[in-house]
Each structure stands twice: as structure tokens, then as C-alpha cells.
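Next up, coords-v7.txt (compact mmCIF, C-alpha atoms):
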```txt
# COMPACT_ATOMS: atom_id res chain seq x y z
CA MET A 237 -95.63 -24.09 -265.93
CA THR A 238 -98.46 -26.18 -264.52
CA SER A 239 -99.18 -26.80 -260.87
CA THR A 240 -100.62 -29.91 -259.27
CA SER A 241 -102.76 -30.52 -256.23
CA PHE A 242 -100.25 -33.00 -254.85
CA GLN A 243 -99.26 -32.34 -251.26
CA LYS A 244 -96.79 -34.25 -249.18
CA LYS A 245 -98.61 -36.16 -246.49
CA SER A 246 -97.38 -34.97 -243.12
CA LYS A 247 -97.26 -37.20 -240.08
CA ALA A 248 -100.11 -36.52 -237.67
CA LYS A 249 -99.06 -34.83 -234.48
CA ILE A 250 -99.38 -37.16 -231.52
CA LEU A 251 -101.03 -35.68 -228.46
CA GLN A 252 -98.69 -36.05 -225.49
CA ILE A 253 -100.29 -36.45 -222.07
CA PRO A 254 -98.47 -37.73 -218.98
CA GLY A 255 -99.27 -41.38 -218.31
CA ALA A 256 -100.53 -42.02 -221.84
CA LYS A 257 -98.90 -43.38 -224.98
CA PRO A 258 -99.92 -43.93 -228.62
CA SER A 259 -100.90 -47.42 -229.71
CA LEU A 260 -98.39 -49.26 -231.89
CA TYR A 261 -101.28 -50.49 -234.03
CA ASN A 262 -103.34 -47.39 -234.84
CA ASN A 263 -101.69 -44.47 -232.99
CA GLN A 264 -104.71 -44.17 -230.69
CA LEU A 265 -103.89 -42.80 -227.25
CA LEU A 266 -103.76 -45.47 -224.53
CA ILE A 267 -103.70 -45.46 -220.73
CA SER A 268 -102.72 -48.30 -218.42
CA THR A 269 -105.24 -50.38 -216.48
CA GLY A 270 -102.75 -50.46 -213.61
CA ILE A 271 -101.95 -54.09 -214.46
CA PRO A 272 -99.09 -54.26 -217.02
CA SER A 273 -99.82 -57.89 -217.93
CA LEU A 274 -103.45 -57.02 -218.69
CA ASP A 275 -102.33 -54.05 -220.78
CA SER A 276 -100.34 -56.37 -223.05
CA ILE A 277 -103.33 -58.69 -223.46
CA ILE A 278 -105.71 -55.94 -224.61
CA GLY A 279 -103.29 -54.37 -227.07
CA GLY A 280 -101.17 -52.10 -224.90
CA GLY A 281 -103.76 -50.47 -222.68
CA VAL A 282 -107.24 -48.93 -222.65
CA ALA A 283 -107.97 -46.57 -225.52
CA VAL A 284 -108.83 -43.06 -224.32
CA GLY A 285 -112.52 -42.31 -224.84
CA THR A 286 -113.62 -45.95 -224.72
CA VAL A 287 -115.39 -48.11 -222.13
CA PHE A 288 -113.68 -51.12 -220.54
CA LEU A 289 -116.37 -53.35 -219.04
CA LEU A 290 -115.27 -56.10 -216.66
CA GLU A 291 -117.63 -58.89 -215.60
CA GLU A 292 -117.28 -59.58 -211.89
CA ASP A 293 -116.95 -62.99 -210.31
CA ALA A 294 -119.60 -64.27 -207.88
CA TYR A 295 -118.22 -62.32 -204.93
CA GLY A 296 -116.88 -59.30 -206.82
CA ASN A 297 -113.43 -59.55 -205.22
CA TYR A 298 -111.36 -59.57 -208.39
CA GLY A 299 -113.41 -56.86 -210.04
CA ARG A 300 -113.00 -54.60 -207.00
CA LEU A 301 -109.27 -55.31 -206.93
CA MET A 302 -108.84 -54.39 -210.59
CA LEU A 303 -110.78 -51.17 -209.99
CA LYS A 304 -108.28 -50.29 -207.24
CA TYR A 305 -105.40 -50.89 -209.64
CA PHE A 306 -107.08 -48.60 -212.17
CA CYS A 307 -107.52 -45.87 -209.55
CA SER A 308 -103.97 -46.31 -208.25
CA GLU A 309 -102.65 -45.75 -211.74
CA ALA A 310 -104.53 -42.46 -211.85
CA VAL A 311 -102.66 -41.36 -208.73
CA MET A 312 -99.25 -42.42 -210.06
CA THR A 313 -99.73 -40.63 -213.39
CA GLY A 314 -101.48 -37.50 -212.13
CA HIS A 315 -104.71 -38.22 -213.99
CA SER A 316 -108.05 -36.94 -212.69
CA LEU A 317 -110.32 -39.58 -211.16
CA HIS A 318 -114.11 -39.82 -210.90
CA LEU A 319 -115.15 -42.84 -208.79
CA THR A 320 -118.70 -44.07 -208.25
CA SER A 321 -120.16 -46.90 -206.19
CA ALA A 322 -123.70 -47.71 -205.08
CA ASP A 323 -122.53 -50.75 -203.10
CA ARG A 324 -119.60 -49.39 -201.07
CA ASP A 325 -118.37 -46.04 -199.85
CA PRO A 326 -116.13 -44.78 -202.69
CA GLN A 327 -114.03 -42.85 -200.18
CA GLN A 328 -113.26 -46.14 -198.45
CA ILE A 329 -112.18 -47.64 -201.77
CA LEU A 330 -109.71 -44.77 -202.18
CA LYS A 331 -108.33 -45.44 -198.70
CA GLU A 332 -107.69 -49.07 -199.66
CA LEU A 333 -105.65 -48.36 -202.80
CA PRO A 334 -102.50 -50.52 -202.90
CA ALA A 335 -99.13 -48.86 -202.37
CA PRO A 336 -96.85 -48.57 -205.42
CA ILE A 337 -93.76 -50.76 -205.64
CA ILE A 338 -90.87 -48.37 -206.21
CA ASP A 339 -87.12 -48.72 -206.36
CA ASP A 340 -85.38 -48.16 -203.05
CA PRO A 341 -84.09 -44.58 -203.15
CA GLY A 342 -81.36 -45.50 -200.69
CA PRO A 343 -80.66 -43.88 -197.33
CA PRO A 344 -81.81 -40.31 -196.84
CA PRO A 345 -79.24 -37.55 -197.27
CA GLU A 346 -77.30 -36.62 -194.15
CA ASP A 347 -78.88 -33.20 -193.87
CA ALA A 348 -82.31 -34.85 -193.87
CA THR A 349 -81.68 -37.23 -190.98
CA ASN A 350 -81.90 -34.41 -188.47
CA GLN A 351 -85.13 -33.05 -189.88
CA SER A 352 -88.04 -33.41 -187.46
CA ASP A 353 -90.64 -32.11 -189.87
CA GLU A 354 -92.83 -35.03 -190.99
CA HIS A 355 -93.65 -33.19 -194.20
CA MET A 356 -89.98 -33.25 -195.18
CA LYS A 357 -89.84 -37.00 -194.60
CA ILE A 358 -92.85 -37.56 -196.86
CA ALA A 359 -91.39 -35.28 -199.51
CA TRP A 360 -88.12 -37.25 -199.48
CA ARG A 361 -90.00 -40.54 -199.70
CA TYR A 362 -91.55 -39.58 -203.04
CA GLN A 363 -88.77 -37.38 -204.41
CA HIS A 364 -87.73 -40.03 -206.95
CA LEU A 365 -91.22 -40.18 -208.47
CA PRO A 366 -91.76 -38.21 -211.72
CA LYS A 367 -93.17 -34.70 -211.46
CA TYR A 368 -96.60 -34.45 -213.11
CA GLN A 369 -95.75 -31.05 -214.61
CA SER A 370 -92.58 -32.31 -216.26
CA ASN A 371 -92.09 -33.73 -219.74
CA PRO A 372 -94.82 -36.34 -220.48
CA THR A 373 -92.18 -38.85 -221.55
CA SER A 374 -90.83 -38.92 -217.98
CA ILE A 375 -94.06 -40.46 -216.63
CA LYS A 376 -93.90 -44.24 -216.44
CA PHE A 377 -96.66 -46.17 -218.21
CA GLY A 378 -97.97 -48.95 -215.95
CA HIS A 379 -96.88 -49.53 -212.37
CA TYR A 380 -96.72 -52.45 -209.96
CA TYR A 381 -98.38 -52.40 -206.54
CA ASP A 382 -98.02 -54.11 -203.17
CA LEU A 383 -101.37 -55.45 -201.94
CA THR A 384 -100.04 -55.86 -198.40
CA LYS A 385 -99.72 -52.07 -198.04
CA THR A 386 -102.06 -49.16 -198.67
CA MET A 387 -101.17 -45.99 -200.51
CA ASP A 388 -100.15 -42.95 -198.49
CA PRO A 389 -103.23 -40.66 -198.18
CA GLU A 390 -101.09 -37.64 -199.01
CA LEU A 391 -100.19 -39.23 -202.33
CA THR A 392 -103.83 -40.08 -203.06
CA ASN A 393 -104.95 -36.54 -202.29
CA SER A 394 -102.34 -35.08 -204.63
CA ILE A 395 -104.58 -35.59 -207.67
CA ASP A 396 -107.93 -34.15 -208.68
CA HIS A 397 -110.50 -36.74 -207.59
CA SER A 398 -114.24 -36.81 -206.94
CA THR A 399 -116.63 -39.51 -205.73
CA ILE A 400 -120.32 -40.39 -205.98
CA SER A 401 -121.91 -42.59 -203.30
CA GLU A 402 -125.31 -44.27 -203.05
CA ALA A 403 -126.59 -41.31 -201.02
CA ASP A 404 -125.68 -38.98 -203.88
CA LEU A 405 -127.57 -41.19 -206.32
CA CYS A 406 -130.73 -41.08 -204.19
CA THR A 407 -131.16 -37.33 -204.62
CA CYS A 408 -132.12 -37.48 -208.25
CA SER A 409 -134.00 -34.73 -210.06
CA SER A 410 -133.48 -36.07 -213.57
CA SER A 411 -136.40 -36.16 -215.96
CA SER A 412 -134.95 -38.94 -218.12
CA ILE A 413 -137.44 -41.59 -219.14
CA SER A 414 -135.02 -43.88 -220.99
CA MET A 415 -133.33 -45.21 -217.84
CA ASN A 416 -133.87 -45.39 -214.09
CA GLU A 417 -133.10 -42.39 -211.90
CA LYS A 418 -129.73 -43.54 -210.55
CA TYR A 419 -128.30 -44.16 -214.00
CA ALA A 420 -129.68 -40.85 -215.25
CA LEU A 421 -128.16 -38.89 -212.37
CA LEU A 422 -124.79 -40.61 -212.76
CA LEU A 423 -124.80 -39.72 -216.44
CA GLU A 424 -125.53 -36.08 -215.62
CA LYS A 425 -122.71 -35.94 -213.05
CA ILE A 426 -120.23 -37.48 -215.49
CA LYS A 427 -121.16 -34.93 -218.13
CA GLN A 428 -120.82 -32.12 -215.59
CA LYS A 429 -117.36 -33.38 -214.56
CA ILE A 430 -116.27 -33.51 -218.21
CA ASP A 431 -117.53 -30.00 -218.89
CA ASP A 432 -116.15 -28.44 -215.70
CA GLY A 433 -112.72 -30.01 -216.13
CA LYS A 434 -112.63 -29.36 -219.90
CA PHE A 435 -111.92 -33.02 -220.60
CA SER A 436 -114.01 -33.11 -223.78
CA THR A 437 -112.12 -33.59 -227.05
CA THR A 438 -114.12 -30.71 -228.51
CA THR A 439 -112.70 -28.31 -225.91
CA GLN A 440 -109.41 -26.51 -226.53
CA HIS A 441 -107.13 -26.57 -223.51
CA ASP A 442 -103.44 -25.79 -223.12
CA LYS A 443 -102.70 -28.47 -220.51
CA ARG A 444 -104.93 -31.39 -221.37
CA ASN A 445 -105.24 -34.25 -218.91
CA ILE A 446 -106.95 -37.65 -218.71
CA LEU A 447 -110.17 -38.19 -216.74
CA ARG A 448 -110.42 -41.75 -215.47
CA ILE A 449 -113.99 -42.77 -214.64
CA GLY A 450 -114.32 -45.82 -212.39
CA ILE A 451 -117.73 -47.33 -211.62
CA HIS A 452 -117.92 -50.11 -209.06
CA SER A 453 -120.42 -52.98 -209.53
CA LEU A 454 -122.51 -51.22 -212.14
CA GLY A 455 -125.74 -53.17 -212.66
CA SER A 456 -125.91 -54.60 -209.13
CA PRO A 457 -129.28 -54.62 -207.29
CA GLN A 458 -128.24 -51.37 -205.58
CA TRP A 459 -128.74 -49.60 -208.89
CA GLY A 460 -132.47 -50.30 -208.81
CA GLU A 461 -132.79 -52.57 -211.81
CA ASN A 462 -135.37 -55.33 -211.99
CA GLY A 463 -132.88 -58.01 -212.96
CA GLY A 464 -133.33 -57.71 -216.71
CA THR A 465 -136.81 -59.22 -216.81
CA ASN A 466 -138.02 -59.91 -220.32
CA GLY A 467 -141.37 -58.74 -221.59
CA GLU A 468 -143.23 -55.56 -220.71
CA ASN A 469 -141.17 -54.96 -217.56
CA PHE A 470 -137.80 -55.27 -219.27
CA ASP A 471 -135.39 -52.66 -217.87
CA SER A 472 -132.93 -51.43 -220.49
CA SER A 473 -131.27 -48.84 -218.22
CA PHE A 474 -127.93 -50.66 -218.19
CA LEU A 475 -127.70 -50.71 -221.99
CA ASP A 476 -129.11 -47.21 -222.40
CA PHE A 477 -126.52 -45.86 -219.98
CA PHE A 478 -123.62 -47.11 -222.08
CA MET A 479 -125.20 -45.89 -225.30
CA ASP A 480 -125.48 -42.38 -223.84
CA VAL A 481 -121.95 -42.51 -222.39
CA GLU A 482 -120.54 -43.04 -225.87
CA LEU A 483 -122.07 -39.72 -226.93
CA TYR A 484 -119.76 -37.90 -224.50
```
Just give me the structure of the file as C-alpha cells.
Amino acid sequence: MTSTSFQKKSKAKILQIPGAKPSLYNNQLLISTGIPSLDSIIGGGVAVGTVFLLEEDAYGNYGRLMLKYFCSEAVMTGHSLHLTSADRDPQQILKELPAPIIDDPGPPPEDATNQSDEHMKIAWRYQHLPKYQSNPTSIKFGHYYDLTKTMDPELTNSIDHSTISEADLCTCSSSSISMNEKYALLLEKIKQKIDDGKFSTTTQHDKRNILRIGIHSLGSPQWGENGGTNGENFDSSFLDFFMDVELY
């Protein structure tokens, strides 16, 4: 009796993370931009581990708005968030996140109408939202938001989030010579966040989560570039930054 090396090809196990779904095209894990219509245009969402670069308009209004959608989606899915801005206070950006549009849960239960504790009222307000610790399939992919209202601070603070401001970028001790100091320090802080939170794909972790990294107006004059001058003074920091980010 002879044996063969033939083995039945088994279906690859899909990693399940709340707020993420596999692509219908290549099974790559996707997350929502916070704008469902944009998700459909780019193939279902942003592929985990990739960079989504958006060119701002002259005043930066639309780019800043889309960044807020991206951050709001992190809150609604329980993802970790790392937000950086050299132009505005990132904490202020978080305070301006749009409120989610949710189905009306109806009137509060009778036993809750007599409750004077504000915490109980807030808990009832969000009781119909999915629990982050529950089955990943219960987390909705892509939400809609009301720009006339801001998100409840208690909801924003419910996730793991960190910020980097211009002041943080001015205290640089990096010895990198391939890019300016602000880019080098930002790169170091991103790497530290990935390592501390065990977000790297090379790290084994029982409860893996998504780290959303949002950078506001990257490449603006506040980042210390010389405007991309050609010749001997050409500053390649912007390009070098993205090349190094891909290594992580």
C-alpha cells in the first residue's frame, strides 16, 4: 500500500475582531472609515495594517471631518485610538466627535423614571448598543453620525485612546537622520504604542484588538518641512515616514 503527500486544503481561519470583517475579495480584514458610502467605494473598508492617505482641500475642512468620522467609529466599535495633530489640539478634536445616529430605544422603563442618579440615565441611554466584550459578530460595521450633535464624553472615554500634540512633538530626542525631528518622534511613539498594547501581528494575544492611528494634516508647515524644495535642500521626511511606517 502506497501513501501520497496529498492533503486536503483546509479553509484558513478568519481572525474575528469586533468592528472588523473579512474582505469579500481576498479575505483581508477590513475596518470602516466611519462613512459607509466611502467604505463601499474603496472595496468594503480600510484593510488592517495599511495606510489610507487623504488629500485635504484648501481649507482642510473635509479632511478634518473625515478624521472625526474615523475616530468616532473607533469609539463605536471599541477599537483603540492614537490621534496626532501638530495643527490643532487633538483633545479638542475628540471633544468635537459627532454623535452616533441610533434607533430610538423607546421610553425608559417605569422603574427607571424615578431614578435620580445621572449615571443610571446614561447607562440606559446606551444600553441598546453592543457590548465590546460580546461576540464580535454583534458589533455593527459602519455607523452613521449626526453632525449637529457631539458625542457624549463618557462614551468617548470608554475606549483606550491616546493623543500627541504639537507640544509633545517639540520635545524630541530622536537621533534619526533620515527625517526631521517631529516625524522621527511620532514614529517612535507609534511604535511604542504598538508594542505596549501588543497590537503587532507578530505578538500572540488572547484578546486582539484594532489600533486606529489618526494623523491630522500630516505634511502641513507645522511639521517643519521646507515645502518639498527640489535640489540639495529637498526634504524627504514625508516619504521616509510612510516607508518606515510600513515596516511596523
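For Gly314 (chain A), the set of protein, DNA and RNA residues having any atom at most 8 Å away, when counting all atoms listed in the file and skipping those fewer than 5 positions along the same chain, is Pro254, Gly255, Tyr368, Ser394 and Ile395 of chain A.
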Inset, instruction - Counting all atoms listed in the file, figure out which residue out of A:Ile338, A:Leu260, A:Leu303, A:Ile278 gets nearest to His452 (chain A). - result: A:Leu303
Please list, as a PDB file with C-alpha atoms, in the coordinates of the input, the residues that have an atom at most 10 Å away from (-118.6, -49.0, -224.8) in the coordinates of this file, counting all atoms listed in the file.
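Saved the output as out-v3.pdb:
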```pdb
ATOM      1  CA  GLY A 285    -112.520 -42.310-224.840  1.00  0.00           C
ATOM      2  CA  THR A 286    -113.620 -45.950-224.720  1.00  0.00           C
ATOM      3  CA  VAL A 287    -115.390 -48.110-222.130  1.00  0.00           C
ATOM      4  CA  PHE A 288    -113.680 -51.120-220.540  1.00  0.00           C
ATOM      5  CA  LEU A 289    -116.370 -53.350-219.040  1.00  0.00           C
ATOM      6  CA  LEU A 475    -127.700 -50.710-221.990  1.00  0.00           C
ATOM      7  CA  PHE A 477    -126.520 -45.860-219.980  1.00  0.00           C
ATOM      8  CA  PHE A 478    -123.620 -47.110-222.080  1.00  0.00           C
ATOM      9  CA  MET A 479    -125.200 -45.890-225.300  1.00  0.00           C
ATOM     10  CA  ASP A 480    -125.480 -42.380-223.840  1.00  0.00           C
ATOM     11  CA  VAL A 481    -121.950 -42.510-222.390  1.00  0.00           C
ATOM     12  CA  GLU A 482    -120.540 -43.040-225.870  1.00  0.00           C
TER      13      GLU A 482
END
```
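Nearest-residue note for Leu290 (chain A): choosing from A:Phe377, A:Trp459, A:Met312, A:Ser453, the minimum distance belongs to A:Ser453, counting all atoms listed in the file.
Non-sequential neighbours of Phe306 (chain A) (distance at most 8 Å, separation of 3 or more positions within a chain, all atoms listed in the file) are Ser268, Thr269, Gly270, Ile271, Met302, Leu303, Glu309, Ala310 and Gly450 of chain A.
Distances from A:Gln328, A:Asp293, A:Lys434, A:Gly378 to Pro272 (chain A) were compared using all atoms listed in the file, and the smallest one belongs to A:Gly378.
Taking CA of Leu447 (chain A) and CA of Thr384 (chain A) as endpoints, the distance between them is 27.4 Å.
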Legend entry - Protein/DNA/RNA residues near (-106.3, -31.0, -218.5), cut 9 Å, all atoms listed in the file, as number ranges by chain: A: 253, 315-316, 433-435, 441-447
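Straight-line separation from CA of Asp323 (chain A) to CA of Gln458 (chain A): 6.3 Å.
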Have region 372-398 of chain A completed to N, CA, C and O atoms, please, and pass it along as a compact mmCIF listing (two decimals), in the coordinates of the input.
```txt
# COMPACT_ATOMS: atom_id res chain seq x y z
N PRO A 372 -93.97 -35.15 -220.53
CA PRO A 372 -94.82 -36.34 -220.48
C PRO A 372 -94.06 -37.64 -220.62
O PRO A 372 -94.48 -38.66 -220.13
N THR A 373 -92.92 -37.60 -221.33
CA THR A 373 -92.18 -38.85 -221.55
C THR A 373 -91.53 -39.35 -220.27
O THR A 373 -91.06 -40.48 -220.21
N SER A 374 -91.47 -38.50 -219.23
CA SER A 374 -90.83 -38.92 -217.98
C SER A 374 -91.79 -39.70 -217.08
O SER A 374 -91.37 -40.25 -216.07
N ILE A 375 -93.07 -39.74 -217.42
CA ILE A 375 -94.06 -40.46 -216.63
C ILE A 375 -94.08 -41.93 -217.07
O ILE A 375 -94.27 -42.23 -218.24
N LYS A 376 -93.91 -42.82 -216.13
CA LYS A 376 -93.90 -44.24 -216.44
C LYS A 376 -95.29 -44.71 -216.81
O LYS A 376 -96.28 -44.29 -216.22
N PHE A 377 -95.38 -45.61 -217.79
CA PHE A 377 -96.66 -46.17 -218.21
C PHE A 377 -96.80 -47.55 -217.58
O PHE A 377 -96.11 -48.49 -217.92
N GLY A 378 -97.74 -47.67 -216.63
CA GLY A 378 -97.97 -48.95 -215.95
C GLY A 378 -97.05 -49.12 -214.76
O GLY A 378 -95.84 -49.00 -214.87
N HIS A 379 -97.64 -49.36 -213.59
CA HIS A 379 -96.88 -49.53 -212.37
C HIS A 379 -97.24 -50.87 -211.71
O HIS A 379 -98.24 -51.50 -212.07
N TYR A 380 -96.45 -51.24 -210.74
CA TYR A 380 -96.72 -52.45 -209.96
C TYR A 380 -97.04 -52.02 -208.53
O TYR A 380 -96.51 -51.02 -208.03
N TYR A 381 -97.89 -52.80 -207.85
CA TYR A 381 -98.38 -52.40 -206.54
C TYR A 381 -98.27 -53.54 -205.54
O TYR A 381 -98.32 -54.72 -205.90
N ASP A 382 -98.15 -53.16 -204.27
CA ASP A 382 -98.02 -54.11 -203.17
C ASP A 382 -99.36 -54.17 -202.43
O ASP A 382 -99.77 -53.21 -201.78
N LEU A 383 -100.05 -55.30 -202.55
CA LEU A 383 -101.37 -55.45 -201.94
C LEU A 383 -101.32 -55.56 -200.43
O LEU A 383 -102.37 -55.48 -199.77
N THR A 384 -100.15 -55.76 -199.86
CA THR A 384 -100.04 -55.86 -198.40
C THR A 384 -99.94 -54.48 -197.75
O THR A 384 -99.96 -54.38 -196.52
N LYS A 385 -99.82 -53.43 -198.56
CA LYS A 385 -99.72 -52.07 -198.04
C LYS A 385 -100.72 -51.17 -198.74
O LYS A 385 -101.11 -51.43 -199.88
N THR A 386 -101.15 -50.13 -198.06
CA THR A 386 -102.06 -49.16 -198.67
C THR A 386 -101.30 -47.89 -199.04
O THR A 386 -100.28 -47.55 -198.42
N MET A 387 -101.81 -47.20 -200.01
CA MET A 387 -101.17 -45.99 -200.51
C MET A 387 -101.25 -44.87 -199.48
O MET A 387 -102.24 -44.74 -198.76
N ASP A 388 -100.20 -44.08 -199.41
CA ASP A 388 -100.15 -42.95 -198.49
C ASP A 388 -101.27 -41.97 -198.84
O ASP A 388 -101.40 -41.56 -200.00
N PRO A 389 -102.12 -41.59 -197.90
CA PRO A 389 -103.23 -40.66 -198.18
C PRO A 389 -102.78 -39.35 -198.81
O PRO A 389 -103.49 -38.78 -199.63
N GLU A 390 -101.59 -38.89 -198.44
CA GLU A 390 -101.09 -37.64 -199.01
C GLU A 390 -100.84 -37.79 -200.50
O GLU A 390 -101.04 -36.86 -201.28
N LEU A 391 -100.41 -38.96 -200.91
CA LEU A 391 -100.19 -39.23 -202.33
C LEU A 391 -101.52 -39.31 -203.07
O LEU A 391 -101.67 -38.79 -204.17
N THR A 392 -102.51 -39.96 -202.45
CA THR A 392 -103.83 -40.08 -203.06
C THR A 392 -104.48 -38.72 -203.24
O THR A 392 -105.10 -38.44 -204.27
N ASN A 393 -104.33 -37.86 -202.24
CA ASN A 393 -104.95 -36.54 -202.29
C ASN A 393 -104.22 -35.55 -203.19
O ASN A 393 -104.65 -34.41 -203.34
N SER A 394 -103.11 -35.98 -203.78
CA SER A 394 -102.34 -35.08 -204.63
C SER A 394 -102.97 -34.89 -206.01
O SER A 394 -102.56 -34.00 -206.76
N ILE A 395 -103.95 -35.71 -206.35
CA ILE A 395 -104.58 -35.59 -207.67
C ILE A 395 -106.01 -35.04 -207.54
O ILE A 395 -106.59 -35.04 -206.45
N ASP A 396 -106.54 -34.60 -208.63
CA ASP A 396 -107.93 -34.15 -208.68
C ASP A 396 -108.83 -35.39 -208.69
O ASP A 396 -108.78 -36.18 -209.63
N HIS A 397 -109.62 -35.58 -207.63
CA HIS A 397 -110.50 -36.74 -207.59
C HIS A 397 -111.84 -36.35 -206.99
O HIS A 397 -111.94 -35.46 -206.15
N SER A 398 -112.88 -37.03 -207.43
CA SER A 398 -114.24 -36.81 -206.94
C SER A 398 -114.94 -38.16 -206.84
O SER A 398 -114.58 -39.11 -207.54
```
